[in-house]
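Below is the file my_file-v5.txt, which contains compact mmCIF, C-alpha atoms and all ligand atoms.
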# COMPACT_ATOMS: atom_id res chain seq x y z
CA MET A 1 69.43 222.18 -8.80
CA MET A 2 66.08 220.44 -8.94
CA ASN A 3 67.36 216.87 -8.74
CA GLN A 4 69.70 217.39 -5.85
CA LYS A 5 69.88 214.51 -3.38
CA LEU A 6 70.57 214.63 0.31
CA LYS A 7 73.33 212.21 1.35
CA ILE A 8 72.84 210.36 4.62
CA ALA A 9 75.44 208.22 6.41
CA LEU A 10 74.22 205.23 8.44
CA GLN A 11 76.12 202.58 10.39
CA LYS A 12 76.79 199.65 8.06
CA SER A 13 76.52 196.84 10.57
CA GLY A 14 76.17 197.21 14.29
CA ARG A 15 73.81 198.20 17.03
CA LEU A 16 72.43 201.26 15.24
CA SER A 17 71.96 199.71 11.80
CA ALA A 18 68.57 198.04 12.11
CA ASP A 19 66.94 201.01 13.88
CA SER A 20 68.45 203.53 11.45
CA ILE A 21 67.21 201.61 8.41
CA ASN A 22 63.86 201.09 10.07
CA LEU A 23 63.53 204.82 10.72
CA LEU A 24 63.86 205.54 6.99
CA LYS A 25 61.37 202.77 6.22
CA ILE A 26 58.86 204.22 8.70
CA CYS A 27 59.31 207.54 6.90
CA GLY A 28 58.06 205.78 3.77
CA ILE A 29 61.45 205.90 2.06
CA LYS A 30 62.06 202.92 -0.21
CA PHE A 31 65.54 201.69 -1.02
CA ASP A 32 67.23 198.46 -1.80
CA TYR A 33 69.18 197.32 1.21
CA ASN A 34 71.44 194.33 1.24
CA SER A 35 74.24 194.03 3.72
CA GLY A 36 77.09 194.00 1.21
CA LYS A 37 76.30 197.39 -0.29
CA LEU A 38 78.09 200.62 0.56
CA ARG A 39 75.51 202.93 -0.94
CA ALA A 40 71.93 202.93 -2.11
CA ALA A 41 69.64 205.47 -3.72
CA ALA A 42 66.11 205.92 -2.41
CA GLU A 43 63.44 205.24 -5.02
CA ASN A 44 60.84 207.72 -3.85
CA PHE A 45 62.72 210.41 -1.93
CA PRO A 46 65.73 212.58 -2.87
CA LEU A 47 68.08 210.65 -0.60
CA GLU A 48 71.30 208.74 -1.15
CA ILE A 49 72.36 206.40 1.64
CA PHE A 50 75.94 205.57 2.59
CA PHE A 51 76.72 202.64 4.88
CA LEU A 52 79.82 203.30 6.99
CA ARG A 53 81.56 202.42 10.26
CA ASP A 54 79.93 204.47 12.99
CA ASP A 55 83.23 206.03 14.09
CA ASP A 56 83.69 207.56 10.64
CA ILE A 57 80.25 209.14 10.39
CA PRO A 58 80.94 212.47 12.18
CA GLU A 59 84.04 212.96 10.06
CA TYR A 60 82.24 212.23 6.79
CA VAL A 61 79.50 214.65 7.74
CA ALA A 62 81.86 217.38 8.94
CA ASP A 63 83.92 216.98 5.75
CA LYS A 64 80.78 217.23 3.58
CA VAL A 65 81.12 213.76 2.07
CA ALA A 66 77.65 213.22 3.55
CA ASP A 67 75.13 215.94 4.40
CA ILE A 68 73.56 214.22 7.37
CA GLY A 69 74.09 211.08 9.43
CA ILE A 70 72.83 208.93 12.26
CA VAL A 71 75.33 208.27 15.03
CA GLY A 72 75.56 207.81 18.80
CA GLU A 73 76.11 210.97 20.84
CA ASN A 74 79.06 209.15 22.41
CA VAL A 75 80.83 208.90 19.04
CA LEU A 76 79.96 212.49 18.18
CA ALA A 77 81.38 213.74 21.49
CA GLU A 78 84.48 211.58 21.22
CA THR A 79 85.37 212.56 17.64
CA ARG A 80 84.69 216.25 18.38
CA ARG A 81 83.70 216.98 14.80
CA CYS A 82 81.87 220.10 13.89
CA CYS A 83 78.34 218.80 13.23
CA GLU A 84 74.94 220.15 14.11
CA THR A 85 72.68 217.88 16.17
CA ILE A 86 69.27 218.00 14.53
CA GLU A 87 67.20 215.50 16.45
CA LYS A 88 67.46 212.90 19.19
CA LEU A 89 66.12 209.65 17.80
CA GLY A 90 65.22 207.65 20.91
CA PHE A 91 67.14 204.47 20.09
CA GLY A 92 70.72 203.25 20.72
CA LYS A 93 70.46 204.34 24.34
CA CYS A 94 73.52 203.58 26.43
CA ARG A 95 75.90 205.19 28.88
CA LEU A 96 79.65 205.50 29.15
CA SER A 97 80.58 204.27 32.60
CA LEU A 98 83.56 203.64 34.81
CA ALA A 99 83.70 200.10 36.18
CA VAL A 100 86.08 198.51 38.63
CA PRO A 101 86.89 194.89 39.54
CA LYS A 102 84.82 193.59 42.47
CA SER A 103 87.91 193.66 44.72
CA PHE A 104 88.53 197.39 44.08
CA ASP A 105 87.59 199.50 47.09
CA TYR A 106 85.84 202.35 45.27
CA GLN A 107 84.43 205.27 47.28
CA THR A 108 84.83 208.31 45.03
CA ILE A 109 86.29 209.12 41.65
CA LYS A 110 89.42 210.30 43.52
CA ASN A 111 90.23 206.62 44.09
CA LEU A 112 91.20 206.48 40.41
CA ASP A 113 94.26 208.68 40.99
CA GLY A 114 97.33 206.92 39.61
CA LYS A 115 95.28 204.05 38.16
CA ARG A 116 95.32 202.70 34.60
CA ILE A 117 91.97 203.04 32.82
CA ALA A 118 91.22 201.14 29.60
CA THR A 119 88.77 202.78 27.17
CA SER A 120 87.85 203.42 23.55
CA TYR A 121 86.75 206.93 24.58
CA PRO A 122 89.95 208.75 25.62
CA ASN A 123 88.60 212.24 24.91
CA ILE A 124 85.39 211.97 26.92
CA LEU A 125 87.27 210.19 29.70
CA SER A 126 90.12 212.66 29.96
CA GLU A 127 87.66 215.55 30.06
CA CYS A 128 85.90 213.88 32.98
CA LEU A 129 89.18 213.17 34.80
CA THR A 130 90.41 216.73 34.34
CA LYS A 131 87.11 218.11 35.61
CA ASN A 132 87.44 215.97 38.74
CA ASN A 133 91.13 216.66 39.21
CA VAL A 134 92.08 213.00 38.85
CA ALA A 135 95.44 212.02 37.36
CA ALA A 136 95.05 208.58 35.80
CA GLU A 137 96.72 206.81 32.90
CA ILE A 138 94.44 206.25 29.91
CA HIS A 139 94.99 203.11 27.83
CA ILE A 140 93.25 203.29 24.49
CA ILE A 141 91.79 199.96 23.36
CA SER A 142 89.51 199.67 20.34
CA GLY A 143 87.40 196.70 21.44
CA SER A 144 86.70 194.24 24.28
CA VAL A 145 87.64 196.84 26.87
CA GLU A 146 85.92 194.82 29.60
CA ILE A 147 88.61 192.13 29.63
CA ALA A 148 91.46 194.60 30.26
CA PRO A 149 91.56 194.21 34.08
CA SER A 150 91.52 190.41 34.01
CA ILE A 151 94.51 190.28 31.65
CA GLY A 152 96.42 192.85 33.70
CA LEU A 153 96.23 195.63 31.12
CA ALA A 154 94.38 198.11 33.32
CA ASP A 155 92.94 198.56 36.82
CA VAL A 156 89.67 200.13 35.72
CA VAL A 157 87.56 200.32 32.53
CA CYS A 158 85.54 203.08 30.98
CA ASP A 159 83.12 201.46 28.56
CA LEU A 160 79.64 201.65 27.02
CA VAL A 161 76.94 199.93 29.02
CA SER A 162 73.28 199.31 28.33
CA SER A 163 72.08 196.53 30.60
CA GLY A 164 75.35 196.05 32.47
CA SER A 165 75.41 192.29 31.94
CA THR A 166 78.75 192.34 30.06
CA LEU A 167 80.37 194.07 33.00
CA LEU A 168 78.91 191.56 35.45
CA THR A 169 80.11 188.53 33.49
CA ASN A 170 83.59 190.03 33.54
CA GLY A 171 83.56 190.56 37.30
CA LEU A 172 83.25 194.34 37.04
CA ARG A 173 81.10 196.75 39.00
CA GLU A 174 79.75 199.95 37.46
CA VAL A 175 80.64 202.85 39.74
CA GLU A 176 80.15 206.05 37.75
CA THR A 177 78.28 207.17 34.65
CA ILE A 178 80.25 209.81 32.80
CA PHE A 179 78.19 210.24 29.61
CA GLU A 180 74.62 209.36 28.54
CA SER A 181 73.97 208.69 24.90
CA GLU A 182 71.39 207.89 22.28
CA ALA A 183 71.34 207.95 18.50
CA VAL A 184 71.04 211.41 16.96
CA LEU A 185 70.50 212.84 13.52
CA ILE A 186 73.40 215.13 12.68
CA ALA A 187 74.00 217.55 9.81
CA ARG A 188 77.02 219.26 8.37
CA PRO A 189 77.31 222.96 9.04
CA ASN A 190 76.01 225.40 6.41
CA LEU A 191 73.66 223.14 4.51
CA ASP A 192 72.53 224.94 1.38
CA GLU A 193 68.90 225.88 0.89
CA ASN A 194 67.96 222.84 -1.21
CA ALA A 195 69.60 220.38 1.16
CA ARG A 196 67.91 222.11 4.10
CA ALA A 197 64.53 221.78 2.38
CA ILE A 198 64.98 218.03 1.87
CA LEU A 199 66.17 217.68 5.47
CA ASP A 200 63.07 219.52 6.71
CA LYS A 201 60.89 217.11 4.76
CA LEU A 202 62.68 214.17 6.33
CA ARG A 203 62.40 215.67 9.82
CA PHE A 204 58.70 216.22 9.35
CA ARG A 205 58.31 212.50 8.66
CA ILE A 206 60.61 211.45 11.50
CA ASN A 207 58.65 213.59 13.95
CA ALA A 208 55.36 212.14 12.74
CA ALA A 209 56.69 208.60 13.16
CA ASN A 210 58.13 209.32 16.61
CA ALA A 211 54.99 211.03 17.84
CA ALA A 212 52.99 208.05 16.58
CA LYS A 213 55.23 205.63 18.49
CA GLN A 214 54.50 207.46 21.73
CA ASN A 215 50.74 207.34 21.34
CA LYS A 216 47.93 204.86 20.84
CA TYR A 217 44.53 205.16 19.28
CA ILE A 218 41.71 204.05 21.53
CA LEU A 219 38.08 203.21 20.71
CA LEU A 220 35.44 202.21 23.19
CA ASN A 221 31.71 202.01 23.78
CA ALA A 222 30.18 203.87 26.69
CA PRO A 223 26.73 204.23 28.19
CA ASP A 224 25.64 207.84 27.67
CA GLU A 225 25.26 208.53 31.37
CA LYS A 226 28.97 207.76 31.84
CA LEU A 227 30.19 209.81 28.88
CA ALA A 228 31.19 212.90 30.83
CA GLU A 229 33.34 210.88 33.20
CA ILE A 230 34.95 208.89 30.39
CA VAL A 231 35.69 211.93 28.26
CA LYS A 232 37.47 213.46 31.24
CA LEU A 233 39.87 210.49 31.27
CA LEU A 234 40.61 210.96 27.55
CA PRO A 235 41.94 214.35 26.59
CA GLY A 236 42.83 213.30 23.01
CA ILE A 237 44.58 215.65 20.60
CA LYS A 238 41.86 218.28 20.69
CA SER A 239 39.09 216.41 22.44
CA PRO A 240 37.71 212.90 21.96
CA THR A 241 35.32 212.09 19.14
CA VAL A 242 31.94 210.92 20.41
CA LEU A 243 29.53 209.19 18.00
CA PRO A 244 26.12 207.69 18.76
CA LEU A 245 25.84 203.90 18.46
CA ALA A 246 22.89 202.26 16.70
CA GLU A 247 21.81 201.03 20.12
CA ARG A 248 20.10 203.90 21.95
CA GLY A 249 21.77 205.21 25.07
CA TRP A 250 25.26 204.18 23.95
CA SER A 251 28.08 206.06 22.26
CA SER A 252 31.39 205.21 20.67
CA VAL A 253 34.37 207.26 21.89
CA HIS A 254 37.61 207.65 19.86
CA SER A 255 40.76 209.25 21.19
CA VAL A 256 44.54 209.24 21.35
CA ILE A 257 46.40 208.38 24.55
CA GLY A 258 50.05 208.36 25.55
CA GLU A 259 51.94 205.08 25.34
CA ASN A 260 53.30 205.50 28.88
CA ASP A 261 50.07 205.67 30.81
CA PHE A 262 47.63 203.86 28.58
CA TRP A 263 47.28 200.75 30.78
CA GLU A 264 46.38 202.87 33.75
CA ILE A 265 43.83 204.84 31.74
CA VAL A 266 42.36 201.68 30.23
CA GLU A 267 41.78 200.27 33.73
CA GLN A 268 40.07 203.46 34.86
CA LEU A 269 37.92 203.48 31.71
CA LYS A 270 36.84 199.92 32.38
CA ASP A 271 35.97 200.74 35.99
CA THR A 272 33.95 203.71 34.80
CA GLY A 273 31.80 201.50 32.55
CA ALA A 274 33.52 201.51 29.15
CA GLU A 275 33.07 198.36 27.05
CA GLY A 276 34.62 196.92 23.90
CA ILE A 277 37.83 198.83 24.38
CA LEU A 278 40.20 198.63 21.37
CA VAL A 279 43.73 200.00 21.48
CA LEU A 280 45.51 200.40 18.12
CA SER A 281 49.00 201.52 17.26
CA ILE A 282 49.40 204.62 15.12
CA ASP A 283 51.68 204.76 12.07
CA GLN A 284 52.02 208.49 11.65
CA MET A 285 50.84 211.43 13.71
CA ILE A 286 50.82 214.80 12.03
CA ASN A 287 50.16 217.86 14.12
P1 LIG B 301 81.47 199.82 13.79
O1 LIG B 301 81.88 198.55 13.12
O2 LIG B 301 80.45 200.56 12.97
O3 LIG B 301 82.62 200.68 14.22
P2 LIG B 301 81.07 199.39 16.64
O4 LIG B 301 81.40 198.00 17.04
O5 LIG B 301 82.02 200.49 16.94
O6 LIG B 301 80.66 199.36 15.10
P3 LIG B 301 78.47 199.09 17.92
O7 LIG B 301 78.85 198.16 19.00
O8 LIG B 301 77.62 198.57 16.81
O9 LIG B 301 79.73 199.86 17.30
O10 LIG B 301 77.75 200.33 18.62
C1 LIG B 301 77.31 201.42 17.87
C2 LIG B 301 76.70 202.41 18.82
O11 LIG B 301 75.56 201.85 19.46
C3 LIG B 301 77.56 202.88 19.97
O12 LIG B 301 78.48 203.87 19.60
C4 LIG B 301 76.50 203.41 20.93
O13 LIG B 301 76.13 204.73 20.56
C5 LIG B 301 75.32 202.49 20.70
N1 LIG B 301 75.10 201.49 21.79
C6 LIG B 301 73.92 201.24 22.37
N2 LIG B 301 74.02 200.31 23.34
C7 LIG B 301 75.29 199.94 23.38
C8 LIG B 301 76.02 199.00 24.17
N3 LIG B 301 75.45 198.26 25.12
N4 LIG B 301 77.33 198.84 23.91
C9 LIG B 301 77.90 199.55 22.92
N5 LIG B 301 77.26 200.47 22.17
C10 LIG B 301 75.97 200.68 22.38
ZN ZN B 302 82.69 201.85 15.84

Written form, structure tokens:
Amino acid sequence: MMNQKLKIALQKSGRLSADSINLLKICGIKFDYNSGKLRAAAENFPLEIFFLRDDDIPEYVADKVADIGIVGENVLAETRRCCETIEKLGFGKCRLSLAVPKSFDYQTIKNLDGKRIATSYPNILSECLTKNNVAAEIHIISGSVEIAPSIGLADVVCDLVSSGSTLLTNGLREVETIFESEAVLIARPNLDENARAILDKLRFRINAANAAKQNKYILLNAPDEKLAEIVKLLPGIKSPTVLPLAERGWSSVHSVIGENDFWEIVEQLKDTGAEGILVLSIDQMIN
């Protein structure tokens, strides 16, 4: 089928929504998004987008209602659906942690023996307890897990944390991380050849956008006698581009540097004699 479309499931409204939609936008995929809609068709890419609750996404993908989806690894692990993880996406980072009230004398996970633990992640939690030989009672709560100890519903919580501030405001102390998570692109098993081809096209664009995010484009002017030293600081993709300036004895150097260490490199470049340093963000990086 030539006009086959790949169906992707995204979280309708929540912590992953904006980044998921943005990822498609960065990939140059145009679609009409307004918050009330449950589905949308891309205008310029063979993609149909479904907006769903995040908890339902692994099931929809495993059951072939959607071909691919974006969901947290935590939800994927908890629902235990048969989906293939295609790509980590670098957003929606969080951890599933055990937290105890300040008054709880916590030394090791063994201290949880016989305790009541409130969580929305019973499967991941029970796996962790079994592995550590701890017999605790799991209370499944679908939201606001952090208030369970203060209302007497549980002794301990097992909840998602990013900064930890929600735990702190509820008088809880994080004592153990049991699962680390970020958003991932998942696919149903046995995608047919056409679907696979569209997915590969999408992945190519995602990788280009992600590589671009991790790098910056740098331009600078350098006196020719310092060029060798400056070029050594700038490996670039292959090697930096060096062009003569109209002013004799000076050159312009262009290169790509990693997002993580660019400040450090910029300082060294300046010390070495570079001038007029410009650092630009990159939209796409295709290797
Ligand atoms: P839905 O209505 O779709 O079921 P939800 O309330 O279950 O939404 P959100 O709170 O929007 O879900 O979280 C979606 C995902 O975002 C989580 O499953 C997790 O992967 C990720 N996430 C990142 N940081 C956090 C955090 N601090 N707390 C909770 N989830 C986080
Ligand atoms: Zn949810």

Could you give me the residues within 7 Å of ligand LIG 301 (chain B), counting all atoms listed in the file, as a PyMOL selection string? chain A and resi 11-16+52-55+71-75+92-94+160-163+181-183

Identify the residues within 12 Å of coordinate (89.3, 200.3, 42.8) (same frame as the file), considering all atoms listed in the file, and give the answer as a ChimeraX atom specification. /A:98-117,149,154-157,172-176

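Between atom CA of Ala222 of chain A and atom CA of Asn287 of chain A lies a distance of 27.4 Å.
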
With distances taken over all atoms listed in the file, which residue among A:Leu10, A:Ile286, A:Ala62, A:Ala187 lies nearest Ala40 of chain A?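 Ranking A:Leu10, A:Ile286, A:Ala62, A:Ala187 by distance to Ala40 of chain A, first place goes to A:Leu10.
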
Quick one: of A:Asn215, A:Tyr121, A:Asn44, A:Leu234, who's nearest to ligand ZN 302 (chain B), counting only C-alpha atoms and all ligand atoms?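 For ligand ZN 302 (chain B), the nearest of the candidates is A:Tyr121.
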
List the neighbours of Ile8 of chain A out to 12 Å using all atoms listed in the file; skip same-chain residues closer than 5 positions along the sequence, and give me the result as a ChimeraX atom specification. /A:20-21,24,38-42,46-52,57-58,60-61,64-71,185-188,195,198-199,202

To one decimal place, how far is atom CA of Cys158 of chain A from atom CA of Asp56 of chain A in Å?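 Atom CA of Cys158 of chain A sits 20.9 Å away from atom CA of Asp56 of chain A.
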
For ligand ZN 302 (chain B), which of A:Arg95, A:Leu76, A:Asp283, A:Asn133 is the closest residue, counting only C-alpha atoms and all ligand atoms? A:Leu76

Could you pull the residues within 7 Å of segment 143-148 of chain A, counting only C-alpha atoms, minus those fewer than 2 positions along the same chain, as a PyMOL selection string? chain A and resi 118-119+141+150-154+157+159+167+170

Nearest candidate to ligand ZN 302 (chain B) (options A:Gly249, A:Ala135, A:Ser120, A:Asp19; using all atoms listed in the file): A:Ser120

Measure the distance from atom CA of Lys232 of chain A to atom CA of Asn207 of chain A in Å and round it to one decimal.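 Going from atom CA of Lys232 of chain A over to atom CA of Asn207 of chain A covers 27.3 Å.
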
Minimum-distance residue to ligand ZN 302 (chain B), chosen among A:Ala77, A:Glu43, A:Asn221, A:Ser142 (using all atoms listed in the file):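 That would be A:Ser142, the residue with the smallest distance to ligand ZN 302 (chain B).
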
Listed atoms of segment 112-126 of chain A boxed along x, y and z, 5 Å each side, centre and edge lengths in Å, one decimal, as lines of an AutoDock Vina configuration file:
center_x = 91.4
center_y = 206.9
center_z = 32.3
size_x = 21.9
size_y = 21.5
size_z = 27.4

The residue from A:Phe204, A:Lys216, A:Asp224, A:Ile124 with the smallest atom-to-atom distance to Leu245 of chain A, counting only C-alpha atoms, is A:Asp224

Tell me which protein, DNA and RNA residues are within 12 Å of Val256 of chain A, counting all atoms listed in the file, leaving out same-chain ones fewer than 6 positions away, and put them as a list in words. Ala211, Ala212, Lys213, Gln214, Asn215, Lys216, Tyr217, Ile218, Leu219, Leu220, Val231, Leu233, Leu234, Pro235, Gly236, Ile237, Lys238, Ser239, Pro240, Thr241, Phe262, Ile265, Val266, Leu278, Val279, Leu280, Ser281, Ile282 and Met285 of chain A

Can you sort out segment 137-159 of chain A so it carries N, CA, C and O atoms, written as a CSV table (one decimal), keeping the file's coordinate frame?
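Output file part_26.csv follows:
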chain,number,residue,atom,x,y,z
A,137,GLU,N,96.1,207.1,34.2
A,137,GLU,CA,96.7,206.8,32.9
A,137,GLU,C,95.6,206.2,32.0
A,137,GLU,O,95.0,205.3,32.4
A,138,ILE,N,95.5,206.8,30.8
A,138,ILE,CA,94.4,206.2,29.9
A,138,ILE,C,95.1,205.3,28.9
A,138,ILE,O,96.0,205.7,28.2
A,139,HIS,N,94.5,204.1,28.8
A,139,HIS,CA,95.0,203.1,27.8
A,139,HIS,C,93.9,203.0,26.8
A,139,HIS,O,92.8,202.5,27.1
A,140,ILE,N,94.3,203.3,25.6
A,140,ILE,CA,93.2,203.3,24.5
A,140,ILE,C,93.2,201.9,23.9
A,140,ILE,O,94.2,201.4,23.4
A,141,ILE,N,92.0,201.3,24.0
A,141,ILE,CA,91.8,200.0,23.4
A,141,ILE,C,90.6,200.1,22.4
A,141,ILE,O,89.6,200.7,22.8
A,142,SER,N,90.6,199.5,21.3
A,142,SER,CA,89.5,199.7,20.3
A,142,SER,C,88.3,198.7,20.6
A,142,SER,O,87.2,199.0,20.2
A,143,GLY,N,88.5,197.6,21.2
A,143,GLY,CA,87.4,196.7,21.4
A,143,GLY,C,87.6,195.8,22.7
A,143,GLY,O,88.8,195.8,23.2
A,144,SER,N,86.6,195.1,23.1
A,144,SER,CA,86.7,194.2,24.3
A,144,SER,C,87.4,194.9,25.5
A,144,SER,O,88.3,194.3,26.1
A,145,VAL,N,87.0,196.1,25.8
A,145,VAL,CA,87.6,196.8,26.9
A,145,VAL,C,87.4,196.1,28.2
A,145,VAL,O,88.3,196.1,29.1
A,146,GLU,N,86.3,195.4,28.3
A,146,GLU,CA,85.9,194.8,29.6
A,146,GLU,C,86.9,193.7,30.1
A,146,GLU,O,86.9,193.4,31.3
A,147,ILE,N,87.7,193.2,29.2
A,147,ILE,CA,88.6,192.1,29.6
A,147,ILE,C,90.0,192.7,30.1
A,147,ILE,O,90.8,192.0,30.7
A,148,ALA,N,90.2,194.0,29.9
A,148,ALA,CA,91.5,194.6,30.3
A,148,ALA,C,91.9,194.3,31.7
A,148,ALA,O,93.1,194.0,31.9
A,149,PRO,N,91.1,194.5,32.7
A,149,PRO,CA,91.6,194.2,34.1
A,149,PRO,C,92.0,192.8,34.3
A,149,PRO,O,93.0,192.5,34.9
A,150,SER,N,91.2,191.8,33.7
A,150,SER,CA,91.5,190.4,34.0
A,150,SER,C,92.8,190.0,33.3
A,150,SER,O,93.4,189.0,33.8
A,151,ILE,N,93.2,190.6,32.3
A,151,ILE,CA,94.5,190.3,31.6
A,151,ILE,C,95.7,191.2,32.1
A,151,ILE,O,96.7,191.2,31.6
A,152,GLY,N,95.4,192.0,33.1
A,152,GLY,CA,96.4,192.8,33.7
A,152,GLY,C,96.8,194.1,32.9
A,152,GLY,O,97.8,194.7,33.2
A,153,LEU,N,95.9,194.5,32.0
A,153,LEU,CA,96.2,195.6,31.1
A,153,LEU,C,95.8,197.0,31.8
A,153,LEU,O,96.3,198.0,31.4
A,154,ALA,N,94.9,196.9,32.7
A,154,ALA,CA,94.4,198.1,33.3
A,154,ALA,C,93.8,197.8,34.7
A,154,ALA,O,93.5,196.6,34.9
A,155,ASP,N,93.6,198.8,35.5
A,155,ASP,CA,92.9,198.6,36.8
A,155,ASP,C,91.4,198.8,36.7
A,155,ASP,O,90.7,198.3,37.5
A,156,VAL,N,91.0,199.6,35.8
A,156,VAL,CA,89.7,200.1,35.7
A,156,VAL,C,89.3,200.2,34.2
A,156,VAL,O,90.2,200.3,33.4
A,157,VAL,N,88.0,200.1,33.9
A,157,VAL,CA,87.6,200.3,32.5
A,157,VAL,C,86.6,201.5,32.4
A,157,VAL,O,85.9,201.8,33.4
A,158,CYS,N,86.5,202.1,31.3
A,158,CYS,CA,85.5,203.1,31.0
A,158,CYS,C,84.9,202.6,29.7
A,158,CYS,O,85.6,202.7,28.6
A,159,ASP,N,83.7,202.1,29.7
A,159,ASP,CA,83.1,201.5,28.6
A,159,ASP,C,81.6,201.8,28.4
A,159,ASP,O,81.0,202.2,29.4
